[in-house]
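For reference, protein.csv is printed below; it contains CSV, C-alpha atoms.
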```
chain,number,residue,atom,x,y,z
Q,1,MET,CA,41.3,122.8,-76.3
Q,2,ASN,CA,42.6,124.0,-73.0
Q,3,LEU,CA,41.5,123.9,-69.3
Q,4,THR,CA,39.7,127.2,-69.6
Q,5,SER,CA,37.5,126.1,-72.5
Q,6,LEU,CA,36.8,122.7,-70.8
Q,7,ALA,CA,35.8,124.5,-67.6
Q,8,SER,CA,33.5,126.8,-69.6
Q,9,ILE,CA,31.9,123.8,-71.3
Q,10,LEU,CA,31.5,122.0,-67.9
Q,11,ILE,CA,29.9,125.1,-66.3
Q,12,ASN,CA,27.8,126.5,-69.1
Q,13,ILE,CA,26.7,123.3,-70.9
Q,14,ILE,CA,27.0,120.2,-68.7
Q,15,SER,CA,26.2,121.7,-65.3
Q,16,PRO,CA,22.7,123.1,-66.2
Q,17,ILE,CA,21.8,119.5,-67.4
Q,18,VAL,CA,23.2,118.0,-64.2
Q,19,LEU,CA,21.3,120.4,-62.0
Q,20,VAL,CA,17.9,119.9,-63.5
Q,21,ALA,CA,18.4,116.1,-63.5
Q,22,PHE,CA,19.5,116.4,-59.8
Q,23,ILE,CA,16.2,118.1,-59.1
Q,24,GLY,CA,14.4,115.1,-60.6
Q,25,TYR,CA,16.6,112.9,-58.4
Q,26,LEU,CA,15.6,114.8,-55.3
Q,27,LEU,CA,11.9,114.7,-56.2
Q,28,ALA,CA,12.1,110.9,-56.4
Q,29,LYS,CA,14.1,110.5,-53.2
Q,30,LYS,CA,12.3,113.0,-51.0
Q,31,LEU,CA,8.7,113.1,-52.4
Q,32,GLY,CA,8.5,109.7,-54.1
Q,33,VAL,CA,7.7,111.1,-57.5
Q,34,GLU,CA,7.2,108.3,-60.0
Q,35,ALA,CA,8.8,108.4,-63.5
Q,36,ARG,CA,6.1,106.4,-65.3
Q,37,PRO,CA,3.4,109.0,-65.7
Q,38,LEU,CA,6.0,111.6,-66.9
Q,39,SER,CA,7.7,109.1,-69.2
Q,40,ARG,CA,4.4,108.1,-70.9
Q,41,THR,CA,3.5,111.8,-71.3
Q,42,MET,CA,7.0,112.4,-72.8
Q,43,LEU,CA,6.8,109.4,-75.1
Q,44,TYR,CA,3.3,110.2,-76.4
Q,45,PHE,CA,3.2,114.0,-76.4
Q,46,PHE,CA,6.3,116.0,-75.6
Q,47,THR,CA,8.8,114.0,-77.7
Q,48,PRO,CA,6.6,113.8,-80.8
Q,49,ALA,CA,6.0,117.5,-80.6
Q,50,LEU,CA,9.7,118.2,-80.4
Q,51,VAL,CA,10.6,115.8,-83.2
Q,52,PHE,CA,7.8,117.1,-85.5
Q,53,ALA,CA,8.8,120.8,-85.0
Q,54,SER,CA,12.5,120.0,-85.6
Q,55,MET,CA,11.7,118.1,-88.8
Q,56,TYR,CA,9.2,120.6,-90.0
Q,57,ARG,CA,11.6,123.6,-89.7
Q,58,ALA,CA,14.8,121.8,-90.6
Q,59,GLN,CA,16.8,123.0,-93.7
Q,60,LEU,CA,16.8,119.5,-95.1
Q,61,ASN,CA,19.7,118.4,-97.2
Q,62,SER,CA,21.9,115.3,-97.8
Q,63,GLU,CA,23.4,115.8,-94.3
Q,64,TYR,CA,20.2,114.2,-92.8
Q,65,LEU,CA,20.7,111.1,-94.9
Q,66,SER,CA,24.3,110.9,-93.8
Q,67,ILE,CA,23.1,111.1,-90.1
Q,68,GLY,CA,20.8,108.2,-90.7
Q,69,VAL,CA,23.5,106.1,-92.3
Q,70,PHE,CA,25.9,107.0,-89.5
Q,71,ALA,CA,23.4,106.0,-86.9
Q,72,LEU,CA,22.8,102.7,-88.6
Q,73,ILE,CA,26.6,101.9,-89.0
Q,74,MET,CA,27.3,102.9,-85.4
Q,75,THR,CA,24.5,100.7,-84.0
Q,76,THR,CA,25.9,97.8,-86.0
Q,77,VAL,CA,29.4,98.5,-84.8
Q,78,MET,CA,28.2,98.6,-81.2
Q,79,VAL,CA,26.5,95.2,-81.6
Q,80,ILE,CA,29.7,93.7,-83.0
Q,81,VAL,CA,32.1,95.3,-80.5
Q,82,SER,CA,29.9,94.5,-77.4
Q,83,TRP,CA,29.4,90.9,-78.6
Q,84,ALA,CA,33.2,90.5,-79.2
Q,85,ILE,CA,34.1,91.8,-75.8
Q,86,ALA,CA,31.5,89.6,-74.1
Q,87,LYS,CA,32.9,86.6,-75.9
Q,88,ALA,CA,36.5,87.5,-75.1
Q,89,MET,CA,35.6,88.0,-71.4
Q,90,ARG,CA,33.7,84.6,-71.5
Q,91,TYR,CA,30.5,86.0,-69.9
Q,92,ASP,CA,27.6,83.6,-69.6
Q,93,ARG,CA,24.6,84.1,-71.9
Q,94,LEU,CA,22.6,86.3,-69.5
Q,95,THR,CA,25.6,88.5,-68.6
Q,96,SER,CA,26.5,88.8,-72.3
Q,97,SER,CA,22.9,90.0,-73.0
Q,98,ALA,CA,23.0,92.5,-70.1
Q,99,PHE,CA,26.4,93.8,-71.2
Q,100,MET,CA,25.2,94.2,-74.8
Q,101,LEU,CA,22.1,96.1,-73.7
Q,102,GLY,CA,24.3,98.4,-71.6
Q,103,VAL,CA,26.4,99.3,-74.7
Q,104,LEU,CA,23.7,99.2,-77.3
Q,105,PHE,CA,21.2,101.6,-75.9
Q,106,VAL,CA,22.2,105.3,-76.4
Q,107,ASN,CA,20.7,108.1,-74.3
Q,108,ALA,CA,20.3,110.3,-77.4
Q,109,GLY,CA,17.0,111.7,-76.0
Q,110,ASN,CA,16.7,112.6,-72.3
Q,111,TYR,CA,20.4,113.6,-72.1
Q,112,GLY,CA,21.5,114.0,-75.7
Q,113,LEU,CA,18.9,116.5,-76.9
Q,114,PRO,CA,19.4,119.0,-74.1
Q,115,LEU,CA,23.2,118.7,-74.4
Q,116,ILE,CA,23.1,119.3,-78.2
Q,117,LEU,CA,20.6,122.2,-77.7
Q,118,PHE,CA,22.9,124.0,-75.2
Q,119,ALA,CA,26.1,123.3,-77.2
Q,120,PHE,CA,24.9,123.9,-80.8
Q,121,GLY,CA,21.5,125.6,-80.6
Q,122,GLU,CA,18.4,124.9,-82.8
Q,123,GLU,CA,20.6,123.9,-85.8
Q,124,GLY,CA,22.1,121.1,-83.8
Q,125,LEU,CA,18.8,120.2,-82.1
Q,126,SER,CA,17.1,119.4,-85.5
Q,127,ARG,CA,19.9,117.0,-86.4
Q,128,ALA,CA,20.0,115.5,-82.9
Q,129,ALA,CA,16.2,114.9,-83.0
Q,130,PHE,CA,16.6,113.0,-86.3
Q,131,TYR,CA,19.5,110.9,-84.9
Q,132,PHE,CA,17.5,110.2,-81.8
Q,133,THR,CA,14.6,108.9,-83.8
Q,134,ILE,CA,16.7,106.6,-86.1
Q,135,SER,CA,18.6,105.4,-83.0
Q,136,ALA,CA,15.5,104.7,-81.1
Q,137,ILE,CA,14.0,102.6,-83.8
Q,138,LEU,CA,17.2,100.6,-84.3
Q,139,THR,CA,18.1,100.1,-80.6
Q,140,GLN,CA,14.6,99.2,-79.4
Q,141,THR,CA,14.3,96.6,-82.2
Q,142,LEU,CA,17.7,95.1,-81.7
Q,143,GLY,CA,17.5,95.5,-77.9
Q,144,ILE,CA,14.5,93.3,-77.7
Q,145,PHE,CA,16.3,90.6,-79.7
Q,146,VAL,CA,19.4,90.9,-77.6
Q,147,ALA,CA,17.5,90.7,-74.3
Q,148,ALA,CA,15.3,87.8,-75.4
Q,149,ARG,CA,18.2,85.9,-77.1
Q,150,GLY,CA,16.0,84.2,-79.6
Q,151,ARG,CA,12.7,84.2,-77.6
Q,152,ALA,CA,11.5,87.5,-79.1
Q,153,ASN,CA,9.1,87.4,-82.1
Q,154,ALA,CA,10.5,89.5,-84.9
Q,155,ARG,CA,7.0,90.6,-86.0
Q,156,GLU,CA,6.0,91.7,-82.5
Q,157,ALA,CA,9.3,93.6,-82.1
Q,158,MET,CA,8.7,95.6,-85.2
Q,159,LEU,CA,5.1,96.2,-84.3
Q,160,ASN,CA,6.1,97.6,-81.0
Q,161,VAL,CA,8.6,100.0,-82.6
Q,162,PHE,CA,5.9,101.3,-85.0
Q,163,LYS,CA,3.6,102.0,-82.1
Q,164,LEU,CA,6.0,104.8,-81.1
Q,165,PRO,CA,4.4,108.1,-82.1
Q,166,LEU,CA,7.9,109.7,-82.7
Q,167,VAL,CA,8.2,107.6,-85.8
Q,168,TYR,CA,5.0,109.2,-87.3
Q,169,ALA,CA,6.1,112.6,-86.0
Q,170,VAL,CA,9.3,112.3,-88.1
Q,171,ILE,CA,7.3,111.2,-91.2
Q,172,LEU,CA,4.7,114.0,-90.8
Q,173,GLY,CA,7.4,116.6,-90.1
Q,174,LEU,CA,9.4,115.6,-93.2
Q,175,PHE,CA,6.3,115.4,-95.4
Q,176,PHE,CA,5.1,118.9,-94.5
Q,177,ASN,CA,8.6,120.2,-94.9
Q,178,LEU,CA,9.3,118.6,-98.3
Q,179,ALA,CA,5.8,119.3,-99.6
Q,180,ARG,CA,6.1,122.9,-98.4
Q,181,ILE,CA,2.8,122.6,-96.6
Q,182,THR,CA,2.3,125.3,-94.0
Q,183,VAL,CA,0.8,124.2,-90.6
Q,184,PRO,CA,-1.8,126.7,-89.4
Q,185,GLU,CA,-0.4,129.1,-86.9
Q,186,PHE,CA,-2.6,128.2,-84.0
Q,187,LEU,CA,-1.6,124.5,-84.4
Q,188,MET,CA,2.1,125.3,-84.7
Q,189,LYS,CA,1.9,127.4,-81.5
Q,190,SER,CA,0.4,124.4,-79.7
Q,191,VAL,CA,3.2,122.2,-81.0
Q,192,ASP,CA,5.8,124.8,-79.9
Q,193,LEU,CA,4.4,125.0,-76.4
Q,194,ALA,CA,4.7,121.2,-76.1
Q,195,LYS,CA,8.2,121.2,-77.8
Q,196,ASP,CA,9.5,123.8,-75.3
Q,197,GLY,CA,8.4,121.6,-72.4
Q,198,ALA,CA,10.2,118.5,-73.7
Q,199,ILE,CA,13.8,119.3,-72.7
Q,200,PRO,CA,13.2,120.1,-69.0
Q,201,VAL,CA,10.8,117.2,-68.6
Q,202,MET,CA,13.4,114.9,-70.2
Q,203,LEU,CA,16.0,115.9,-67.6
Q,204,VAL,CA,13.6,115.6,-64.7
Q,205,ILE,CA,12.7,112.0,-65.9
Q,206,LEU,CA,16.4,111.2,-66.2
Q,207,GLY,CA,17.0,112.3,-62.5
Q,208,ILE,CA,13.9,110.4,-61.3
Q,209,GLU,CA,15.0,107.2,-63.1
Q,210,LEU,CA,18.6,107.4,-61.8
Q,211,ALA,CA,17.2,107.7,-58.2
Q,212,ARG,CA,15.7,104.2,-58.7
Q,213,VAL,CA,19.0,102.6,-59.7
Q,214,THR,CA,20.4,99.8,-57.5
Q,215,ILE,CA,24.2,99.2,-57.9
Q,216,GLU,CA,25.4,95.7,-58.4
Q,217,ASN,CA,28.9,94.6,-57.4
Q,218,ASP,CA,30.2,93.4,-60.8
Q,219,ARG,CA,32.7,96.1,-61.0
Q,220,ALA,CA,34.8,94.5,-63.8
Q,221,ILE,CA,31.8,94.1,-66.1
Q,222,ILE,CA,30.5,97.6,-65.3
Q,223,GLY,CA,34.0,99.0,-65.9
Q,224,TRP,CA,34.3,97.2,-69.3
Q,225,ALA,CA,30.8,98.5,-70.3
Q,226,THR,CA,31.6,102.0,-69.3
Q,227,LEU,CA,35.0,101.9,-71.2
Q,228,THR,CA,33.3,100.5,-74.3
Q,229,LYS,CA,30.4,103.0,-74.2
Q,230,LEU,CA,32.3,106.2,-73.4
Q,231,VAL,CA,35.8,105.6,-74.9
Q,232,ILE,CA,35.8,102.9,-77.5
Q,233,VAL,CA,32.6,104.0,-79.2
Q,234,PRO,CA,33.8,107.7,-79.6
Q,235,LEU,CA,37.2,106.4,-80.9
Q,236,LEU,CA,35.3,104.5,-83.6
Q,237,ALA,CA,32.8,107.4,-84.3
Q,238,PHE,CA,35.5,109.9,-85.3
Q,239,PRO,CA,37.1,107.9,-88.2
Q,240,LEU,CA,33.6,106.9,-89.4
Q,241,ALA,CA,32.5,110.5,-89.5
Q,242,THR,CA,35.7,111.4,-91.4
Q,243,LEU,CA,35.3,108.5,-93.8
Q,244,MET,CA,31.7,109.6,-94.6
Q,245,GLY,CA,32.9,113.2,-95.2
Q,246,MET,CA,30.8,114.7,-92.4
Q,247,THR,CA,31.7,118.2,-91.3
Q,248,GLY,CA,30.6,121.0,-89.0
Q,249,VAL,CA,27.5,120.7,-86.8
Q,250,THR,CA,26.4,117.5,-88.5
Q,251,ARG,CA,29.7,115.8,-87.7
Q,252,ALA,CA,29.8,117.0,-84.1
Q,253,VAL,CA,26.2,116.1,-83.4
Q,254,SER,CA,26.6,112.6,-84.8
Q,255,ILE,CA,29.7,111.8,-82.8
Q,256,ILE,CA,28.3,113.2,-79.6
Q,257,GLU,CA,25.0,111.4,-79.9
Q,258,ALA,CA,26.8,108.1,-80.6
Q,259,SER,CA,29.0,108.7,-77.5
Q,260,MET,CA,26.2,109.3,-75.0
Q,261,PRO,CA,25.8,107.1,-71.9
Q,262,THR,CA,23.4,104.2,-71.7
Q,263,ALA,CA,19.7,105.0,-71.9
Q,264,VAL,CA,17.3,104.1,-69.1
Q,265,MET,CA,15.2,102.2,-71.7
Q,266,ALA,CA,17.9,99.5,-71.4
Q,267,SER,CA,16.8,98.7,-67.9
Q,268,ILE,CA,13.1,98.5,-68.9
Q,269,VAL,CA,14.0,95.9,-71.5
Q,270,ALA,CA,16.2,94.1,-69.1
Q,271,VAL,CA,13.4,93.9,-66.5
Q,272,GLU,CA,10.9,92.7,-69.1
Q,273,PHE,CA,13.1,89.8,-70.2
Q,274,ASP,CA,14.8,89.2,-66.8
Q,275,THR,CA,18.2,89.9,-68.3
Q,276,ARG,CA,20.2,90.8,-65.1
Q,277,PRO,CA,18.3,94.2,-64.7
Q,278,LYS,CA,20.4,95.2,-61.7
Q,279,LEU,CA,23.6,94.9,-63.7
Q,280,VAL,CA,22.1,96.9,-66.5
Q,281,THR,CA,20.9,99.7,-64.2
Q,282,SER,CA,24.4,99.7,-62.6
Q,283,ILE,CA,25.9,100.3,-66.1
Q,284,ILE,CA,23.4,103.1,-66.7
Q,285,PHE,CA,24.4,104.8,-63.5
Q,286,ALA,CA,28.2,104.4,-64.1
Q,287,THR,CA,28.1,105.6,-67.7
Q,288,THR,CA,25.9,108.6,-66.9
Q,289,LEU,CA,28.2,109.8,-64.1
Q,290,ALA,CA,31.4,109.2,-66.1
Q,291,SER,CA,29.9,110.9,-69.1
Q,292,ILE,CA,30.2,114.3,-67.3
Q,293,VAL,CA,33.9,114.0,-67.9
Q,294,THR,CA,34.0,112.3,-71.3
Q,295,LEU,CA,31.3,114.6,-72.9
Q,296,THR,CA,33.1,117.7,-71.6
Q,297,ILE,CA,36.3,116.5,-73.4
Q,298,LEU,CA,34.3,115.6,-76.5
Q,299,LEU,CA,32.7,119.0,-76.7
Q,300,GLY,CA,36.1,120.6,-76.1
Q,301,ILE,CA,37.4,118.8,-79.2
Q,302,LEU,CA,34.3,119.3,-81.4
Q,303,LYS,CA,33.2,122.8,-80.6
```
Using structure tokens, write down the structure that the file contains.
Amino acid sequence: MNLTSLASILINIISPIVLVAFIGYLLAKKLGVEARPLSRTMLYFFTPALVFASMYRAQLNSEYLSIGVFALIMTTVMVIVSWAIAKAMRYDRLTSSAFMLGVLFVNAGNYGLPLILFAFGEEGLSRAAFYFTISAILTQTLGIFVAARGRANAREAMLNVFKLPLVYAVILGLFFNLARITVPEFLMKSVDLAKDGAIPVMLVILGIELARVTIENDRAIIGWATLTKLVIVPLLAFPLATLMGMTGVTRAVSIIEASMPTAVMASIVAVEFDTRPKLVTSIIFATTLASIVTLTILLGILK
């Protein structure tokens, strides 16, 4: 890894993502474009199409099982690390919950999938889509518990997760793949049209949602959350991947997805449960900006 390779990664992989997201930011600021209609379309149409196509065409092997296990362990590690730091810093209960939300939610979708596609192509994208699905199920379930701090109903939390169409897109994609069932060409072309629209729409949504962020003045808390999310988590992800015997694209994708900044979904949960939403959105903004540097370095190491 040298300055030339890092510059190449920044220009050819990171900057296209930043530019499209910036267009979304401008659309929100100048034209008042709302994220909600696009987000719902993404959640219920584009993302399931992308996930289904990725699972349907994936060359499935034991690596996918290791990705699922890795995501589970890393989510557990993030819960423990964020809880320990919150305790050590003596945050109050609301601040602890907000801090944990900022560390727990991983932007493996809107930011992670485009990044992996540009860096590792379709081979990486299928693995990233699987990681994203497992991560979404884990973080959305745990996130509700963290935000509510004992007020959330476990049954309701699980039911909400299984209302997500991406869960069924994974199941169907894997079923058709493993059973060697061929999807009719006209249907698959429709799926591919939707799949191809997913990545740019994800980035526009990311930009629109960042435009709505309001920064809170808790710099120390935001700094600790950013350090935990973008430095401590990657430092833990590397030895875990080595311990699990992960190699190649699978190793790279798993480490990068675990090391993504905070997902905007964290702010939605924080608003729902009134868990210091301004602090959570500040963490989202700070980690997203800082990740331009950290992800460039990570890709320099892993590519």
Exercise for review: Measuring atom to atom with all atoms listed in the file, identify which of Q:Leu138, Q:Val264, Q:Leu117, Q:Ile171 is nearest to Met55 (chain Q).
Suggested key: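 Result for the nearest residue to Met55 (chain Q): Q:Ile171.
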Exercise for review: Determine, counting only C-alpha atoms, which protein, DNA and RNA residues have an atom within 12 Å of an atom of region 21-25 of chain Q; residues of the same chain fewer than 2 positions away are not included. Present the result as a PyMOL selection string.
Suggested key: chain Q and resi 14-19+27-35+38+110-111+114+199-213+288-289
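Here CA of Gly102 (chain Q) is placed at a distance of 6.6 Å from CA of Ala225 (chain Q).
The smallest atom-to-atom distance between Pro165 (chain Q) and any of Q:Ala53, Q:Thr133, Q:Val233, Q:Ser267, using only C-alpha atoms, is found for Q:Thr133.
Using all atoms listed in the file, the shortest contact distance between Ile268 (chain Q) and any of Q:Arg127, Q:Arg36, Q:Arg93, Q:Arg251 is found at Q:Arg36.
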With all atoms listed in the file as the counted atoms, please give the residues lying no more than 7 Å from Ala266 (chain Q), apart from itself and same-chain residues fewer than 6 positions off, as a short mmCIF file (atom, residue, chain, number, x, y, z; two decimals) with C-alpha atoms, in the frame of the given file.
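After the write, out.cif holds the following:
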```cif
data_model
loop_
_atom_site.label_atom_id
_atom_site.label_comp_id
_atom_site.auth_asym_id
_atom_site.auth_seq_id
_atom_site.Cartn_x
_atom_site.Cartn_y
_atom_site.Cartn_z
CA LEU Q 101 22.10 96.10 -73.70
CA GLY Q 102 24.30 98.40 -71.60
CA PHE Q 105 21.20 101.60 -75.90
CA VAL Q 280 22.10 96.90 -66.50
#
```
Check your understanding: Can you tell me, as a VMD selection string, what residues are no more than 10 Å from Phe238 (chain Q) when counting only C-alpha atoms, ignoring any on the same chain fewer than 2 positions away?
Key -> chain Q and resid 233 to 236 240 to 243 246 251 to 252 254 to 256
Check your understanding: Closest to Ile80 (chain Q) among Q:Lys163, Q:Leu113, Q:Thr228, Q:Thr4, using only C-alpha atoms?
Key ->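 Of all the options, Q:Thr228 lies closest to Ile80 (chain Q).
Nearest to Ser54 (chain Q) of all the residues Q:Phe70, Q:Trp83, Q:Phe132, Q:Trp224 is Q:Phe132, counting all atoms listed in the file.
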Check your understanding: Of the candidates Q:Ala237, Q:Ala220, Q:Leu193, Q:Val293, which one gets nearest to Phe45 (chain Q) if we count only C-alpha atoms?
Key ->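 Counting only C-alpha atoms, the residue closest to Phe45 (chain Q) is Q:Leu193.
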